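**Q** My structure file work21.tsv, TSV, C-alpha atoms, is below:
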chain	number	residue	atom	x	y	z
A	269	MET	CA	3.17	42.38	-28.90
A	270	THR	CA	4.11	38.69	-29.39
A	271	ARG	CA	7.77	39.44	-28.71
A	272	ASN	CA	6.82	41.18	-25.48
A	273	TRP	CA	5.20	37.96	-24.23
A	274	LEU	CA	7.72	35.44	-25.53
A	275	LEU	CA	10.18	35.56	-22.65
A	276	PRO	CA	7.50	35.76	-19.91
A	277	ILE	CA	5.76	32.71	-21.42
A	278	LEU	CA	9.04	30.78	-21.56
A	279	ALA	CA	9.68	31.74	-17.93
A	280	GLY	CA	6.15	30.57	-17.06
A	281	LEU	CA	6.72	27.21	-18.78
A	282	ALA	CA	10.00	26.73	-16.91
A	283	VAL	CA	8.27	27.53	-13.61
A	284	ALA	CA	5.45	25.11	-14.54
A	285	ALA	CA	7.95	22.28	-15.06
A	286	VAL	CA	9.60	22.99	-11.71
A	287	ALA	CA	6.21	23.24	-9.94
A	288	TRP	CA	5.07	19.96	-11.56
A	289	HIS	CA	8.14	18.06	-10.46
A	290	GLY	CA	8.23	19.73	-7.04
A	291	THR	CA	4.61	18.73	-6.39
A	292	LEU	CA	5.31	15.11	-7.37
A	293	LEU	CA	8.37	15.02	-5.10
A	294	ALA	CA	6.48	16.60	-2.18
A	295	THR	CA	3.38	14.38	-2.39
A	296	PRO	CA	4.83	11.27	-0.62
A	297	TYR	CA	6.23	13.43	2.21
A	298	VAL	CA	2.90	15.21	2.69
A	299	LEU	CA	0.83	12.02	2.67
A	300	MET	CA	3.32	10.17	4.89
A	301	SER	CA	3.30	13.06	7.35
A	302	ALA	CA	-0.51	12.91	7.47
A	303	ALA	CA	-0.36	9.13	8.01
A	304	MET	CA	2.18	9.53	10.84
A	305	LYS	CA	0.02	12.17	12.52
A	306	LYS	CA	-3.04	9.93	12.30
A	307	ILE	CA	-1.24	6.85	13.57
A	308	SER	CA	0.54	8.58	16.43
A	309	SER	CA	-2.66	10.23	17.62
A	310	ALA	CA	-4.42	6.85	17.50
A	311	ASN	CA	-1.52	5.33	19.45
A	312	GLY	CA	-1.99	7.81	22.28
A	313	ASN	CA	-1.73	11.59	22.35
A	314	GLY	CA	0.58	11.87	19.38
A	315	ARG	CA	3.36	9.89	21.05
A	316	ALA	CA	6.18	8.52	18.94
A	317	ASN	CA	8.23	5.37	19.54
A	318	VAL	CA	5.41	3.16	20.75
A	319	PHE	CA	3.50	0.39	18.97
A	320	GLY	CA	-0.21	0.89	18.44
A	321	PHE	CA	-2.06	-2.40	18.12
A	322	GLY	CA	-4.89	-1.68	15.73
A	323	GLU	CA	-7.94	-3.86	15.36
A	324	MET	CA	-8.65	-5.64	12.10
A	325	ALA	CA	-9.90	-3.47	9.26
A	326	THR	CA	-13.60	-3.57	8.41
A	327	ALA	CA	-15.79	-1.30	6.28
A	328	ASP	CA	-16.48	0.72	9.45
A	329	ARG	CA	-12.87	0.84	10.60
A	330	GLN	CA	-10.36	1.82	7.93
A	331	PRO	CA	-7.45	3.70	9.47
A	332	ILE	CA	-5.64	3.94	6.16
A	333	VAL	CA	-6.56	3.64	2.50
A	334	ARG	CA	-6.56	0.12	0.95
A	335	PRO	CA	-6.25	-1.87	4.18
A	336	SER	CA	-6.11	-5.66	3.99
A	337	PRO	CA	-8.95	-7.23	6.01
A	338	ASP	CA	-6.86	-10.41	6.42
A	339	LEU	CA	-3.95	-8.81	8.21
A	340	VAL	CA	-3.54	-7.64	11.78
A	341	TYR	CA	-1.60	-4.37	11.62
A	342	SER	CA	0.48	-2.83	14.39
A	343	SER	CA	2.25	0.45	13.77
A	344	CYS	CA	4.83	2.66	15.42
A	345	VAL	CA	5.69	6.19	14.35
A	346	PHE	CA	9.38	6.50	15.17
A	347	ASN	CA	11.47	9.59	15.74
A	348	LEU	CA	15.24	9.28	15.78
A	349	SER	CA	15.97	12.90	16.71
A	350	GLN	CA	16.78	11.91	20.31
A	351	GLY	CA	18.69	8.73	19.43
A	352	PRO	CA	18.16	5.22	18.02
A	353	VAL	CA	14.84	3.42	18.25
A	354	LEU	CA	14.67	-0.33	18.84
A	355	VAL	CA	11.99	-2.49	17.25
A	356	ASP	CA	11.60	-5.95	18.83
A	357	VAL	CA	9.02	-8.16	17.14
A	358	ALA	CA	7.74	-11.28	18.86
A	359	PRO	CA	7.33	-14.13	16.36
A	360	VAL	CA	3.90	-15.63	15.77
A	361	PRO	CA	4.39	-19.37	15.21
A	362	GLY	CA	3.04	-20.80	11.98
A	363	LYS	CA	1.86	-17.47	10.57
A	364	TYR	CA	3.16	-15.08	7.96
A	365	TRP	CA	4.35	-12.00	9.81
A	366	SER	CA	6.65	-9.16	8.88
A	367	VAL	CA	7.88	-5.82	10.11
A	368	SER	CA	8.70	-3.14	7.56
A	369	ILE	CA	10.41	0.20	8.11
A	370	PHE	CA	9.17	3.09	5.96
A	371	ASP	CA	11.01	6.40	5.87
A	372	ALA	CA	9.44	9.85	5.55
A	373	ARG	CA	9.58	9.56	1.75
A	374	THR	CA	7.68	6.22	1.86
A	375	ASP	CA	10.76	4.21	0.83
A	376	VAL	CA	11.23	0.87	2.57
A	377	ALA	CA	14.46	0.90	4.58
A	378	ALA	CA	14.09	-2.69	5.79
A	379	VAL	CA	11.74	-5.67	5.90
A	380	ARG	CA	12.05	-8.71	8.13
A	381	SER	CA	9.54	-11.54	7.90
A	382	ASP	CA	9.32	-14.94	9.56
A	383	ARG	CA	11.05	-16.28	6.43
A	384	ASP	CA	14.04	-14.02	7.13
A	385	THR	CA	14.33	-14.75	10.84
A	386	GLY	CA	13.54	-18.46	10.62
A	387	GLY	CA	10.72	-17.93	13.09
A	388	LYS	CA	12.92	-16.13	15.62
A	389	PRO	CA	12.20	-12.59	16.88
A	390	ALA	CA	13.09	-9.66	14.60
A	391	ARG	CA	15.35	-7.12	16.35
A	392	LEU	CA	15.98	-3.91	14.45
A	393	ALA	CA	17.85	-0.79	15.59
A	394	LEU	CA	16.75	2.26	13.62
A	395	VAL	CA	19.55	4.83	13.52
A	396	ARG	CA	20.65	8.02	11.80
A	397	LYS	CA	24.20	8.25	10.55
A	398	GLY	CA	26.56	8.56	13.52
A	399	GLN	CA	24.17	6.99	16.05
A	400	VAL	CA	25.34	3.80	17.72
A	401	ALA	CA	23.01	0.81	18.10
A	402	PRO	CA	23.15	-1.63	21.01
A	403	LYS	CA	24.59	-5.07	20.32
A	404	GLY	CA	22.30	-7.85	19.18
A	405	TYR	CA	20.28	-5.72	16.77
A	406	ASP	CA	20.23	-5.50	12.97
A	407	VAL	CA	21.15	-1.91	12.21
A	408	VAL	CA	18.87	0.00	9.82
A	409	GLN	CA	20.26	3.40	8.88
A	410	LEU	CA	17.73	5.99	7.79
A	411	ASP	CA	18.02	9.28	5.91
A	412	HIS	CA	15.14	10.87	7.83
A	413	ASP	CA	14.36	11.19	11.55
A	414	LYS	CA	10.76	10.09	11.20
A	415	GLY	CA	8.95	7.16	9.65
A	416	ILE	CA	6.68	4.23	10.37
A	417	ALA	CA	7.45	0.68	11.54
A	418	LEU	CA	4.58	-1.53	10.42
A	419	MET	CA	3.97	-5.07	11.63
A	420	ARG	CA	1.71	-7.37	9.61
A	421	ILE	CA	0.39	-10.74	10.78
A	422	LEU	CA	-1.78	-12.87	8.52
A	423	LEU	CA	-4.87	-14.55	9.89
A	424	SER	CA	-6.33	-17.39	7.86
A	425	ASP	CA	-9.38	-17.33	10.15
A	426	PRO	CA	-10.72	-14.33	12.15
A	427	ALA	CA	-11.17	-16.71	15.12
A	428	GLU	CA	-7.38	-16.66	15.52
A	429	TYR	CA	-7.41	-12.98	16.46
A	430	ALA	CA	-7.38	-13.31	20.26
A	431	GLU	CA	-4.41	-15.66	20.26
A	432	VAL	CA	-2.43	-13.57	17.78
A	433	ASP	CA	-3.33	-10.33	19.56
A	434	ALA	CA	-1.84	-11.62	22.81
A	435	ILE	CA	1.43	-12.53	21.08
A	436	ARG	CA	1.86	-9.30	19.11
A	437	ARG	CA	1.48	-7.19	22.26
A	438	LYS	CA	4.84	-8.57	23.40
A	439	SER	CA	6.44	-6.62	20.53
A	440	THR	CA	7.97	-3.26	21.38
A	441	CYS	CA	9.08	-0.08	19.67
A	442	GLN	CA	11.03	2.23	21.96
A	443	ALA	CA	13.82	4.78	22.07
A	444	VAL	CA	17.13	3.45	23.40
A	445	SER	CA	16.97	6.17	26.04
A	446	ALA	CA	13.66	4.73	27.31
A	447	LYS	CA	14.95	1.17	27.59
W	22	MET	CA	1.42	46.33	-19.93
W	23	LYS	CA	4.60	46.61	-17.88
W	24	PRO	CA	7.13	43.78	-18.36
W	25	TRP	CA	7.08	42.84	-14.65
W	26	LEU	CA	3.34	42.34	-14.87
W	27	ARG	CA	3.71	40.05	-17.89
W	28	TYR	CA	6.32	37.99	-16.04
W	29	SER	CA	4.20	37.88	-12.87
W	30	ILE	CA	1.15	36.64	-14.77
W	31	CYS	CA	3.08	33.92	-16.63
W	32	ILE	CA	4.99	32.75	-13.56
W	33	LEU	CA	1.85	32.55	-11.42
W	34	LEU	CA	0.03	30.65	-14.15
W	35	GLY	CA	3.04	28.36	-14.52
W	36	LEU	CA	3.15	27.66	-10.77
W	37	ALA	CA	-0.55	26.92	-10.54
W	38	GLY	CA	-0.66	24.97	-13.81
W	39	GLY	CA	2.38	22.81	-13.03
W	40	ALA	CA	1.16	21.94	-9.54
W	41	ALA	CA	-2.42	21.31	-10.73
W	42	TYR	CA	-1.22	19.03	-13.51
W	43	ALA	CA	0.87	17.01	-11.03
W	44	VAL	CA	-2.11	16.61	-8.68
W	45	HIS	CA	-4.30	15.57	-11.62
W	46	GLN	CA	-1.71	13.03	-12.80
W	47	VAL	CA	-1.45	11.48	-9.34
W	48	ARG	CA	-5.19	11.41	-8.64
W	49	SER	CA	-6.30	10.17	-12.05
W	50	GLY	CA	-4.02	7.14	-11.91
W	51	ASP	CA	-4.10	4.13	-9.65
W	52	LEU	CA	-1.48	2.01	-7.92
W	53	GLY	CA	0.55	1.95	-11.11
W	54	ARG	CA	0.77	0.06	-14.35
W	55	GLN	CA	4.41	-0.65	-14.96
W	56	VAL	CA	3.45	-4.23	-15.78
W	57	THR	CA	0.10	-5.40	-17.11
W	58	ASN	CA	-1.20	-8.95	-17.38
W	59	GLY	CA	-4.79	-9.38	-18.58
W	60	PRO	CA	-6.98	-7.17	-16.36
W	61	TRP	CA	-4.24	-6.89	-13.72
W	62	SER	CA	-1.53	-4.28	-13.39
W	63	THR	CA	1.29	-3.92	-10.91
W	64	ASN	CA	4.46	-2.04	-10.03
W	65	THR	CA	7.81	-3.71	-9.55
W	66	ASP	CA	9.57	-0.90	-7.71
W	67	ASN	CA	7.20	-0.17	-4.79
W	68	GLY	CA	9.01	1.22	-1.79
W	69	THR	CA	12.37	1.35	-3.53
W	70	ALA	CA	14.64	4.29	-4.26
W	71	ASP	CA	14.25	3.40	-7.97
W	72	ALA	CA	10.55	4.33	-8.01
W	73	SER	CA	9.80	7.37	-10.17
W	74	ALA	CA	8.42	10.50	-8.52
W	75	LEU	CA	5.00	9.85	-10.10
W	76	SER	CA	4.94	6.18	-9.11
W	77	ARG	CA	5.93	6.98	-5.53
W	78	ALA	CA	3.28	9.72	-5.31
W	79	ARG	CA	0.55	7.42	-6.66
W	80	VAL	CA	1.41	4.57	-4.32
W	81	SER	CA	1.47	6.96	-1.35
W	82	LEU	CA	-2.08	8.03	-2.26
W	83	PHE	CA	-3.69	4.75	-3.37
W	84	GLY	CA	-1.71	2.13	-1.45
W	85	PRO	CA	0.51	3.66	1.22
W	86	LEU	CA	2.97	1.47	3.14
W	87	ALA	CA	3.05	-1.14	0.38
W	88	LEU	CA	5.79	-3.75	0.61
W	89	PRO	CA	8.54	-4.23	-1.97
W	90	ALA	CA	7.95	-6.89	-4.63
W	91	LYS	CA	10.24	-9.51	-3.07
W	92	GLU	CA	8.03	-9.50	0.03
W	93	ALA	CA	4.62	-8.94	-1.58
W	94	MET	CA	3.17	-8.08	-4.95
W	95	TYR	CA	-0.02	-6.11	-5.42
W	96	PHE	CA	-1.98	-6.61	-8.63
W	97	ASN	CA	-4.87	-4.25	-9.24
W	98	ALA	CA	-7.83	-4.73	-11.63
W	99	HIS	CA	-10.32	-2.02	-12.57
W	100	ASN	CA	-11.61	-3.96	-15.59
W	101	ASP	CA	-12.77	-7.50	-16.27
W	102	SER	CA	-10.88	-9.88	-18.55
W	103	ASP	CA	-12.73	-8.46	-21.58
W	104	GLY	CA	-11.61	-4.93	-20.76
W	105	ALA	CA	-14.96	-3.58	-19.45
W	106	PRO	CA	-14.89	-1.55	-16.20
W	107	LEU	CA	-15.90	-3.54	-13.11
W	108	SER	CA	-19.44	-2.53	-12.19
W	109	GLY	CA	-21.10	-3.04	-8.80
W	110	ASN	CA	-24.40	-4.23	-10.28
W	111	CYS	CA	-22.83	-7.00	-12.36
W	112	THR	CA	-21.95	-10.57	-11.44
W	113	TYR	CA	-18.44	-11.85	-12.16
W	114	ILE	CA	-16.71	-15.19	-11.79
W	115	VAL	CA	-13.12	-14.90	-10.66
W	116	SER	CA	-11.21	-18.10	-11.33
W	117	GLY	CA	-7.67	-19.35	-11.46
W	118	GLY	CA	-5.20	-22.00	-10.43
W	119	GLU	CA	-2.47	-22.12	-7.84
W	120	LEU	CA	-0.44	-18.93	-7.67
W	121	GLU	CA	3.30	-18.93	-7.16
W	122	ALA	CA	3.20	-17.36	-3.74
W	123	ARG	CA	3.16	-18.42	-0.13
W	124	TRP	CA	-0.25	-16.87	0.35
W	125	TRP	CA	-2.65	-14.75	-1.66
W	126	SER	CA	-5.92	-12.91	-1.26
W	127	ILE	CA	-8.26	-10.85	-3.43
W	128	THR	CA	-9.90	-7.80	-1.83
W	129	LEU	CA	-12.69	-5.62	-3.20
W	130	TYR	CA	-12.38	-1.82	-2.87
W	131	GLU	CA	-14.24	1.27	-4.03
W	132	GLY	CA	-12.97	4.78	-4.70
W	133	GLU	CA	-9.36	5.40	-3.72
W	134	GLY	CA	-9.28	2.04	-1.94
W	135	TRP	CA	-11.99	1.65	0.69
W	136	LEU	CA	-13.64	-1.57	1.86
W	137	VAL	CA	-17.32	-1.66	0.91
W	138	LYS	CA	-20.13	-2.15	3.46
W	139	ASN	CA	-22.06	-5.33	2.78
W	140	GLU	CA	-24.50	-7.65	4.51
W	141	ALA	CA	-22.03	-10.54	4.72
W	142	ASN	CA	-19.24	-8.41	6.27
W	143	ARG	CA	-16.85	-9.97	3.77
W	144	TRP	CA	-14.26	-7.90	1.97
W	145	SER	CA	-11.78	-10.42	0.66
W	146	VAL	CA	-11.24	-14.01	-0.37
W	147	GLY	CA	-8.12	-15.64	1.02
W	148	GLY	CA	-6.20	-18.20	-0.97
W	149	ASN	CA	-7.23	-20.95	1.45
W	150	ALA	CA	-10.97	-20.25	1.06
W	151	PRO	CA	-12.06	-21.52	-2.39
W	152	GLU	CA	-12.46	-25.24	-2.93
W	153	ARG	CA	-10.13	-26.77	-5.52
W	154	ASP	CA	-10.99	-29.22	-8.26
W	155	ALA	CA	-8.74	-32.16	-9.13
W	156	GLN	CA	-6.47	-29.86	-11.17
W	157	GLY	CA	-6.17	-27.34	-8.34
W	158	ASN	CA	-8.42	-24.78	-10.02
W	159	TRP	CA	-10.77	-22.59	-8.00
W	160	SER	CA	-13.40	-19.89	-8.51
W	161	PHE	CA	-15.64	-17.53	-6.59
W	162	THR	CA	-18.45	-15.11	-7.39
W	163	VAL	CA	-18.36	-11.32	-7.14
W	164	SER	CA	-21.88	-9.89	-7.18
W	165	PRO	CA	-24.29	-7.52	-5.43
W	166	GLU	CA	-26.65	-10.35	-4.42
W	167	ARG	CA	-25.81	-13.38	-2.34
W	168	ALA	CA	-24.51	-16.11	-4.62
W	169	GLU	CA	-24.10	-19.83	-4.22
W	170	GLY	CA	-20.70	-21.01	-3.12
W	171	LEU	CA	-18.00	-18.55	-2.19
W	172	TRP	CA	-19.30	-14.99	-2.61
W	173	LEU	CA	-17.51	-11.63	-2.50
W	174	PRO	CA	-20.16	-8.88	-2.27
W	175	THR	CA	-20.00	-5.60	-4.17
W	176	GLY	CA	-22.38	-4.00	-1.65
W	177	GLN	CA	-23.80	-0.72	-2.93
W	178	ALA	CA	-20.64	0.34	-4.73
W	179	PRO	CA	-21.40	1.49	-8.29
W	180	LYS	CA	-17.81	0.82	-9.36
W	181	PHE	CA	-15.13	-1.24	-7.69
W	182	ASP	CA	-11.64	-2.64	-8.14
W	183	LEU	CA	-9.94	-5.83	-7.03
W	184	THR	CA	-6.50	-6.07	-5.43
W	185	LEU	CA	-4.67	-9.39	-5.58
W	186	ARG	CA	-2.00	-9.59	-2.88
W	187	ALA	CA	0.64	-12.27	-3.26
W	188	TYR	CA	2.98	-12.61	-0.27
W	189	HIS	CA	6.43	-14.11	-0.78
W	190	PRO	CA	5.94	-14.44	-4.54
W	191	LYS	CA	8.31	-16.63	-6.51
W	192	GLY	CA	8.92	-17.98	-10.00
W	193	ALA	CA	7.24	-16.14	-12.85
W	194	LEU	CA	4.98	-14.19	-10.49
W	195	LEU	CA	8.02	-12.41	-9.06
W	196	ASN	CA	10.40	-12.48	-12.01
W	197	ASP	CA	8.10	-12.20	-15.01
W	198	PRO	CA	4.74	-10.88	-13.75
W	199	ALA	CA	3.63	-9.85	-17.26
W	200	ASN	CA	3.49	-13.53	-18.24
W	201	ALA	CA	2.60	-15.20	-14.94
W	202	LYS	CA	-0.65	-17.12	-14.69
W	203	LEU	CA	-3.14	-14.84	-12.93
W	204	PRO	CA	-6.87	-15.26	-12.22
W	205	THR	CA	-9.45	-14.31	-14.84
W	206	ILE	CA	-12.46	-12.04	-14.18
W	207	LYS	CA	-15.42	-13.02	-16.36
W	208	LYS	CA	-18.69	-11.07	-16.42
W	209	GLU	CA	-21.78	-13.30	-16.13
W	210	ARG	CA	-24.62	-10.75	-16.20
W	211	CYS	CA	-25.68	-7.31	-15.01
W	212	ALA	CA	-28.79	-6.33	-13.02
Please express what this file holds, its structure, as structure tokens.
**A**
Amino acid sequence: MTRNWLLPILAGLAVAAVAWHGTLLATPYVLMSAAMKKISSANGNGRANVFGFGEMATADRQPIVRPSPDLVYSSCVFNLSQGPVLVDVAPVPGKYWSVSIFDARTDVAAVRSDRDTGGKPARLALVRKGQVAPKGYDVVQLDHDKGIALMRILLSDPAEYAEVDAIRRKSTCQAVSAK
Amino acid sequence: MKPWLRYSICILLGLAGGAAYAVHQVRSGDLGRQVTNGPWSTNTDNGTADASALSRARVSLFGPLALPAKEAMYFNAHNDSDGAPLSGNCTYIVSGGELEARWWSITLYEGEGWLVKNEANRWSVGGNAPERDAQGNWSFTVSPERAEGLWLPTGQAPKFDLTLRAYHPKGALLNDPANAKLPTIKKERCA
């Protein structure tokens, strides 16, 4: 009786280990995919390669878990399947700001902040291997077609929102083909 | 029982059990505790290819789109400085000195990481908000009722956690976070 079950149980344990690790590996992709869907639908009919300029997070407006109520977030779901995507970030003088590129696995492919650019605009070309970026851009090569470009701007006082909002709307996220 | 049936039962149980255990591991954790310092814990490999599968899964659930440590560090506290869980009906004094970062803030969350409704519409304290004494030390109150001075409300949340964000960290905060000087969270009283 016991011998009859020994091999099936060992097989079950091996499958359990694979299922455990597979679930852990899949979780970031699943949650990132859900985040991309939510962001791109908020940015307008599920469109990719366009910045959405979200309002500041409050208890009544929390687009994503653990938002910072001190930051103004702008996000772009990018899709490189049709070619490179260019991210041009307008600098906000005197404020901490950054743009970060997250791939479909949630890894950070690049970050540029005002510290990195010396207060100048950040210009990133998101590409897959083999795609050619236009001149004048920092090339960021990704292992996945899709991901999120996220812009953060720190407000030390909510009264600064209108001024900062006007500046950030000069930033763009667009496919090279659309430029 | 036929052998194929025995294998089918064990493999199905293995599939379900392995996946369920992974989900439980991810959900029962928090942002990660690779490094602890008093009530605070943090990860040092957020957003990097070095992050373990479990760490990456937890961050994607509890703090998606987090920045790498060089850009920002996220310290999370579920307990006070004496090790007791943070409770929404208690009053705490959070105090500290200057942090080795360009800017910091402390935000109060409930559950997986949601801002809590409160009468003051205040969810965080920015590093520029508390007054400093001559030594550069500061403090503020976390409590359900309005408190004198700088007040971070717990609203109606029965339990909460605090996230300390430090942007452009440097010195010990970046390089030796286990021994960096971080704020303390002292319980005053409970309702």
**Q** Give me the residues within 7 Å of region 128-142 of chain W as a list in words, counting only C-alpha atoms and dropping any in the same chain fewer than 4 places off.
**A**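 Neighbouring residues, sequence-local ones excluded: Thr326, Ala327, Val333 and Arg334 of chain A; Phe83, Val146, Pro174, Thr175, Gly176, Ala178, Lys180, Phe181, Asp182, Leu183, Thr184 and Leu185 of chain W.
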**Q** Counting all atoms listed in the file, a student should be able to say which residues of chain A come within 6 Å of chain W; what is the right answer, written as a ChimeraX atom specification?
**A** /A:276-277,280-281,283-285,287-288,291-293,295-296,327,333-334,375-376
**Q** Select, from W:Ser164, W:Asn97, W:Asn158, W:Thr205, the residue with the minimum atom-to-atom distance to Thr57 (chain W), counting all atoms listed in the file.
**A**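 Residue with the minimum atom-to-atom distance to Thr57 (chain W): W:Asn97.
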**Q** Between CA of Lys202 (chain W) and CA of Ala168 (chain W), what is the spacing in Å?
**A**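 CA of Lys202 (chain W) lies at a distance of 25.9 Å from CA of Ala168 (chain W).
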**Q** Any idea what the distance is between CA of Thr162 (chain W) and CA of Lys191 (chain W)?
**A**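 These atoms are spaced 26.8 Å apart.
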**Q** Please indicate the distance in Å from CA of Asn64 (chain W) to CA of Thr385 (chain A), rounded to one decimal place.
**A** 26.4 Å
**Q** Of the candidates A:Ser381, A:Asn317, A:Gln330, A:Asn272, which one gets nearest to Ala358 (chain A) if we count only C-alpha atoms?
**A**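 Of A:Ser381, A:Asn317, A:Gln330, A:Asn272, the one nearest Ala358 (chain A) is A:Ser381, counting only C-alpha atoms.
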**Q** Between A:His289, A:Arg373, A:Lys306, A:Arg380, which residue has the minimum interatomic distance to Cys344 (chain A), considering only C-alpha atoms?
**A**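 Counting only C-alpha atoms, the residue closest to Cys344 (chain A) is A:Lys306.
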**Q** Which residues are close to Gly398 (chain A), i.e. within 12 Å by all atoms listed in the file, leaving aside same-chain residues fewer than 2 positions away? Reply as a PDB file with C-alpha atoms, keeping the file's coordinate frame.
**A**
ATOM      1  CA  LEU A 348      15.240   9.280  15.780  1.00  0.00           C
ATOM      2  CA  SER A 349      15.970  12.900  16.710  1.00  0.00           C
ATOM      3  CA  GLY A 351      18.690   8.730  19.430  1.00  0.00           C
ATOM      4  CA  PRO A 352      18.160   5.220  18.020  1.00  0.00           C
ATOM      5  CA  LEU A 394      16.750   2.260  13.620  1.00  0.00           C
ATOM      6  CA  VAL A 395      19.550   4.830  13.520  1.00  0.00           C
ATOM      7  CA  ARG A 396      20.650   8.020  11.800  1.00  0.00           C
ATOM      8  CA  VAL A 400      25.340   3.800  17.720  1.00  0.00           C
ATOM      9  CA  ALA A 401      23.010   0.810  18.100  1.00  0.00           C
ATOM     10  CA  VAL A 407      21.150  -1.910  12.210  1.00  0.00           C
ATOM     11  CA  GLN A 409      20.260   3.400   8.880  1.00  0.00           C
ATOM     12  CA  LEU A 410      17.730   5.990   7.790  1.00  0.00           C
ATOM     13  CA  ASP A 411      18.020   9.280   5.910  1.00  0.00           C
TER      14      ASP A 411
END
**Q** What lies within 6 Å of region 433-441 of chain A using all atoms listed in the file, ignoring chain neighbours under 4 positions off, as a PyMOL selection string?
**A** chain A and resi 317-319+354-358+429
**Q** Compile the contact shell of Tyr113 (chain W) as a ChimeraX atom specification: residues with an atom at most 12 Å away, counting only C-alpha atoms, same-chain residues fewer than 5 positions apart removed.
**A** /W:100-103,105-108,160-166,168,172-175,181,183,205-212
**Q** Region 428-433 of chain A, all listed atoms, 3 Å padding on each side: what axis-aligned box centre and edge lengths in Å to one decimal come out, as lines of an AutoDock Vina configuration file?
**A**
center_x = -4.9
center_y = -13.5
center_z = 17.9
size_x = 11.0
size_y = 12.3
size_z = 10.7
**Q** Using only C-alpha atoms, find the one residue out of W:Ser116, W:Asn58, W:Gln177, W:Ser49 that sits nearest to Arg153 (chain W).
**A**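 Selected residue with least distance to Arg153 (chain W): W:Ser116.
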**Q** Quick one: residues within 9 Å of Tyr341 (chain A), all atoms listed in the file, excluding same-chain residues fewer than 3 positions away - as a JSON list (two decimals) with C-alpha atoms, in the frame of the given file?
**A**
[["chain", "number", "residue", "atom", "x", "y", "z"],
["A", 320, "GLY", "CA", -0.21, 0.89, 18.44],
["A", 321, "PHE", "CA", -2.06, -2.40, 18.12],
["A", 322, "GLY", "CA", -4.89, -1.68, 15.73],
["A", 323, "GLU", "CA", -7.94, -3.86, 15.36],
["A", 324, "MET", "CA", -8.65, -5.64, 12.10],
["A", 325, "ALA", "CA", -9.90, -3.47, 9.26],
["A", 336, "SER", "CA", -6.11, -5.66, 3.99],
["A", 418, "LEU", "CA", 4.58, -1.53, 10.42],
["A", 419, "MET", "CA", 3.97, -5.07, 11.63],
["A", 420, "ARG", "CA", 1.71, -7.37, 9.61],
["A", 421, "ILE", "CA", 0.39, -10.74, 10.78]]
**Q** Which one of W:Asn110, W:Gly118, W:His45, W:Thr63 sits closest to Pro198 (chain W) if you count all atoms listed in the file?
**A**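 Closest residue, counting all atoms listed in the file: W:Thr63.
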